[in-house]
Amino acid sequence: MPIQLTSQAYCKMLLHTAKYPHCAVNGLLIAEKSKEKKKDGHGVPVLCVDCVPLFHGTLALAPMLEVALTLIDTWCKENNYIIAGYYQANERKKDSKPNQVAEKVAARITENFSEAAIVMVDNSRLTVSCSEPIVVIYDHHENKWRNREVTMYASDCAFPLDVQAFWTCHSAKCTLRLNFSPATFPEHVKLCSLNRAILKHSETFKIKVM
Amino acid sequence: MASVSELYDVGWEEMRDKLRKWREDNSRNSEQIVDVGEELISDHASKLGDDVWIIYEQVMIAALDCSRDDLALTCLQELRKQFPDSHRVKRLTGMRLEALERYDEANKHYDAILEDDPTNTAARKRKISILKAQGKNGEAIRELNEYLEQFVGDQEAWHELSELYINEHDYGKAAFCLEELMMTNPHNHLYCEQYAEVKYTQGGLENLELSRKYFSQALRLNNRNMRALFGLYMSASHIAASPKVSAKVKKDNIKYAAWAANQINRAYKVSICKQHSDILKTTSFT
């Protein structure tokens with residue numbers, strides 16, 4: 001099932017990666033909850049409209065990940081969204097394969113949304129200019145995560161044009177040292193609004209990292 | 001492009017003090033260090049006295065982080081001129097080679113330093129970093145273990161080893177490294193909190209109880225540690241939900257979880273109030 005990213009989701013993901021160049025980063029992809037049923041086994045492609053940056057540094061620890069998943073899932077349910085994917089950028093430049101953490105989180109997401117995908121950022125192609133998509137998307141087929149070709153669409157999402165404008169804007173801001181960076185979950189933990197649902201949903205996303 | 005001193009209206013002394021603060025805090029804000037440091041050395045080098053050399057070193061490392069090889073080379077050449085036989089400068093040469101991914105040459109530099117001075121910890125740690133950069137985590141772990149057998153007190157190394165073990169999902173050994181750190185730093189809430197997270201991830205009732213205790217300890221040491229608060233809530237909830245616990249343990253853990261949830265709610269309310277008051281301050285009618 002093809003997955004599509006809006007320029008907002010894509011850019012936020014890359015901004016998160018760029019904010020912590022010396023760390024691995026990860027986050028979730030959010031899609032609008034569609035009421036359409038599948039027809040002939042081929043549904044509408046999933047459009048990820050936004051992403052939620054989660055962590056940087058050590059990604060392989062469970063407690064905060066569980067809290068984040070619970071909070072985000074609750075928010076999604078209240079706002080008619082669904083967690084549709086997971087993105088990760090590894091620590092090393094030449095490493096863009098999903099690791100055990102990515103597969104485990106994605107497996108959990110797949111339990112609630114069968115067409116979940118893993119989006120890995122290809123660090124080696126991360127540059128200031130933005131001429132091609134630098135992500136590798138993995139789908140779950142026959143118990144393995146396989147990567148798929150990524151293409152750009154010249155559609156309403158205006159992937160290349162939006163992204164180039166957004167990215168050029170950001171890199172210009174980088175040079176001028178303006179503070180423009182997405183807040184991440186650890187930063188969220190210091191602010192933001194909580195809903196009581198954390199008390200109800202704590203069991204939902206228990207991840208067993210073996 | 002405006003200079004840093006123009007943009008932020010600071011003098012060279014403030015820039016120098018800022019660099020010192022970043023050095024002491026060991027912060028990795030390389031872009032800022034490059035901006036401030038580059039201007040400081042190009043415009044005010046003569047006023048810095050002996051500080052200039054440590055600033056060259058700091059700016060050089062930050063420049064490597066930002067792929068500014070031109071600046072890194074300039075700093076390195078100044079340092080080489082001033083300290084021609086220094087191992088410390090040799091290490092910087094090696095680091096530049098690492099940044100250029102010339103790992104074999106970098107290793108040769110470090111081996112030369114170690115032949116001269118087998119106790120040079122910096123060169124050994126750089127060799128381990130090369131292994132990590134090449135993705136050879138298993139070898140890096142082995143070398144780091146050997147290093148720690150000789151230099152048991154090196155806390156940075158213990159922490160690095162714990163991270164390597166976590167990335168390899170060997171949580172038992174990661175916990176051991178964090179235990180070493182907690183022994184030597186009993187008042188550091190961050191080590192307690194990270195140890196608790198590792199124990200939680202390991203799983204199993206005993207580990208969950210241990211993790212709850214260490215999350216509590218982290219909170220005792222710093223009651224503003226939100227991660228510890230969340231961790232306490234999660235571990236207490238899971239223990240209470242486990243079928244293997246007695247009724248009393250269940251009741252106690254429900255109490256702990258409720259307390260933690262309460263504290264979390266309060267913390268959020270306070271921060272929302274603060275956000276609202278911040279917004280109000282910036283509007284024109286207050």
# chains A, B, ... in the order shown; residues from 1 in each chain; ligands from 1
>>> interface_residues(of="chain B", to="chain A", cutoff="8 Å", atoms="only C-alpha atoms", output="PyMOL selection string")
chain B and resi 133+135+163+166-167+169+197-198+200-203+226-227+230-231+234+237+261+265+268-269+271-272
>>> residues_around(residues="B:Leu208", least_positions_apart="2", cutoff="8 Å", atoms="only C-alpha atoms", output="list in words")
Lys199, Tyr200, Gly203, Gly204, Leu205, Glu206, Leu210, Ser211, Arg212, Ser235, His238 and Ile239 of chain B
>>> write_last_selection(atoms="C-alpha atoms", output="mmCIF file, in the first residue's frame")
data_model
loop_
_atom_site.group_PDB
_atom_site.id
_atom_site.type_symbol
_atom_site.label_atom_id
_atom_site.label_comp_id
_atom_site.auth_asym_id
_atom_site.auth_seq_id
_atom_site.Cartn_x
_atom_site.Cartn_y
_atom_site.Cartn_z
ATOM 1 C CA LYS B 199 15.539 -2.087 34.203
ATOM 2 C CA TYR B 200 12.018 -1.319 32.969
ATOM 3 C CA GLY B 203 11.129 -6.451 31.904
ATOM 4 C CA GLY B 204 9.969 -9.014 34.425
ATOM 5 C CA LEU B 205 8.383 -8.304 37.776
ATOM 6 C CA GLU B 206 11.619 -8.017 39.755
ATOM 7 C CA LEU B 210 13.648 -2.209 40.873
ATOM 8 C CA SER B 211 12.869 0.324 38.174
ATOM 9 C CA ARG B 212 10.055 1.800 40.261
ATOM 10 C CA SER B 235 6.242 0.978 36.445
ATOM 11 C CA HIS B 238 2.415 -2.353 35.366
ATOM 12 C CA ILE B 239 3.238 -3.902 38.733
#
>>> atom_distance(atom1="atom CA of A:Asn143", atom2="atom CA of A:Tyr86")
17.1 Å
>>> closest_atom_pairs(of="stretch 27-84 of chain A", to="stretch 110-119 of chain A", cutoff="8 Å", atoms="only C-alpha atoms", output="Markdown table")
| residue | atom | partner | partner_atom | distance |
| --- | --- | --- | --- | --- |
| A:Ile82 | CA | A:Phe113 | CA | 7.8 |
| A:Ile83 | CA | A:Phe113 | CA | 7.4 |
| A:Ala84 | CA | A:Ala116 | CA | 5.0 |
>>> residues_around(residues="B:Asp17", least_positions_apart="6", cutoff="12 Å", atoms="only C-alpha atoms", output="number ranges by chain")
B: 10-11, 23-24, 33, 36-37, 40, 48, 51, 55
>>> atom_distance(atom1="atom CA of B:Met182", atom2="atom CA of B:Lys255")
27.5 Å
>>> select_by_dssp(residues="stretch 1-156 of chain A", states="alpha helix (DSSP H)", output="PyMOL selection string")
chain A and resi 7-19+62-78+100-112
>>> write_last_selection(atoms="C-alpha atoms", output="mmCIF file, in the first residue's frame")
data_model
loop_
_atom_site.group_PDB
_atom_site.id
_atom_site.type_symbol
_atom_site.label_atom_id
_atom_site.label_comp_id
_atom_site.auth_asym_id
_atom_site.auth_seq_id
_atom_site.Cartn_x
_atom_site.Cartn_y
_atom_site.Cartn_z
ATOM 1 C CA SER A 7 5.563 18.467 2.712
ATOM 2 C CA GLN A 8 4.836 19.325 6.341
ATOM 3 C CA ALA A 9 5.402 15.763 7.524
ATOM 4 C CA TYR A 10 8.506 15.413 5.380
ATOM 5 C CA CYS A 11 10.061 18.708 6.360
ATOM 6 C CA LYS A 12 9.381 18.334 10.063
ATOM 7 C CA MET A 13 11.047 14.944 9.924
ATOM 8 C CA LEU A 14 14.124 16.388 8.274
ATOM 9 C CA LEU A 15 14.214 19.366 10.597
ATOM 10 C CA HIS A 16 14.181 16.994 13.550
ATOM 11 C CA THR A 17 17.047 15.053 11.980
ATOM 12 C CA ALA A 18 18.965 18.264 11.350
ATOM 13 C CA LYS A 19 18.387 19.557 14.854
ATOM 14 C CA ALA A 62 10.882 1.448 26.601
ATOM 15 C CA PRO A 63 9.216 3.589 29.259
ATOM 16 C CA MET A 64 9.176 7.016 27.560
ATOM 17 C CA LEU A 65 8.347 5.403 24.247
ATOM 18 C CA GLU A 66 5.284 3.788 25.780
ATOM 19 C CA VAL A 67 4.186 7.064 27.355
ATOM 20 C CA ALA A 68 4.651 8.892 24.058
ATOM 21 C CA LEU A 69 2.734 6.298 22.063
ATOM 22 C CA THR A 70 -0.114 6.338 24.567
ATOM 23 C CA LEU A 71 -0.410 10.108 24.618
ATOM 24 C CA ILE A 72 -0.198 10.426 20.854
ATOM 25 C CA ASP A 73 -2.651 7.611 20.251
ATOM 26 C CA THR A 74 -5.120 9.230 22.627
ATOM 27 C CA TRP A 75 -4.752 12.569 20.917
ATOM 28 C CA CYS A 76 -5.211 10.917 17.523
ATOM 29 C CA LYS A 77 -8.422 9.203 18.607
ATOM 30 C CA GLU A 78 -9.834 12.498 19.846
ATOM 31 C CA GLN A 100 15.296 -3.717 15.946
ATOM 32 C CA VAL A 101 13.765 -0.656 17.614
ATOM 33 C CA ALA A 102 12.225 0.505 14.340
ATOM 34 C CA GLU A 103 10.817 -2.932 13.601
ATOM 35 C CA LYS A 104 9.360 -3.368 17.068
ATOM 36 C CA VAL A 105 7.668 0.030 17.143
ATOM 37 C CA ALA A 106 6.379 -0.453 13.613
ATOM 38 C CA ALA A 107 5.062 -3.901 14.552
ATOM 39 C CA ARG A 108 3.085 -2.293 17.380
ATOM 40 C CA ILE A 109 1.721 0.371 15.065
ATOM 41 C CA THR A 110 0.751 -2.327 12.571
ATOM 42 C CA GLU A 111 -1.491 -3.928 15.192
ATOM 43 C CA ASN A 112 -3.694 -0.851 15.041
#
>>> closest_residue(among="B:Gln32, B:Gln58, B:Ser162, B:Gln217", to="B:His187", atoms="only C-alpha atoms")
B:Gln217
>>> atom_distance(atom1="atom CA of B:Gln150", atom2="atom CA of B:Asn188")
24.3 Å
>>> closest_residue(among="B:Glu98, B:Glu143, B:Asp25, B:Glu39", to="B:Glu6", atoms="only C-alpha atoms")
B:Glu39
>>> residues_around(residues="B:Arg96", least_positions_apart="5", cutoff="10 Å", atoms="only C-alpha atoms", output="MDAnalysis selection string")
chainID B and resid 60:61 63:65 67 69 72:73 76 90:91 101:103 106
>>> write_last_selection(atoms="C-alpha atoms", output="PDB file, in the first residue's frame")
ATOM      1  CA  MET B  60      38.645  23.146  15.808  1.00  0.00           C
ATOM      2  CA  ILE B  61      36.585  20.304  17.242  1.00  0.00           C
ATOM      3  CA  ALA B  63      34.482  23.018  13.092  1.00  0.00           C
ATOM      4  CA  LEU B  64      34.960  19.286  12.458  1.00  0.00           C
ATOM      5  CA  ASP B  65      31.422  18.756  13.704  1.00  0.00           C
ATOM      6  CA  SER B  67      32.219  20.060   8.272  1.00  0.00           C
ATOM      7  CA  ASP B  69      37.518  21.727   7.313  1.00  0.00           C
ATOM      8  CA  ALA B  72      39.618  23.232  11.439  1.00  0.00           C
ATOM      9  CA  LEU B  73      42.837  23.204   9.432  1.00  0.00           C
ATOM     10  CA  LEU B  76      45.205  22.947  13.776  1.00  0.00           C
ATOM     11  CA  LYS B  90      48.476  14.907  17.489  1.00  0.00           C
ATOM     12  CA  ARG B  91      45.123  13.697  18.761  1.00  0.00           C
ATOM     13  CA  GLU B 101      36.835   9.385   7.063  1.00  0.00           C
ATOM     14  CA  ARG B 102      40.522   8.504   6.644  1.00  0.00           C
ATOM     15  CA  TYR B 103      40.282   6.041   9.490  1.00  0.00           C
ATOM     16  CA  ALA B 106      43.894   8.320  11.971  1.00  0.00           C
TER      17      ALA B 106
END
>>> select_by_dssp(residues="stretch 108-139 of chain A", states="strand (DSSP E)", output="PyMOL selection string")
chain A and resi 117-121+135-139
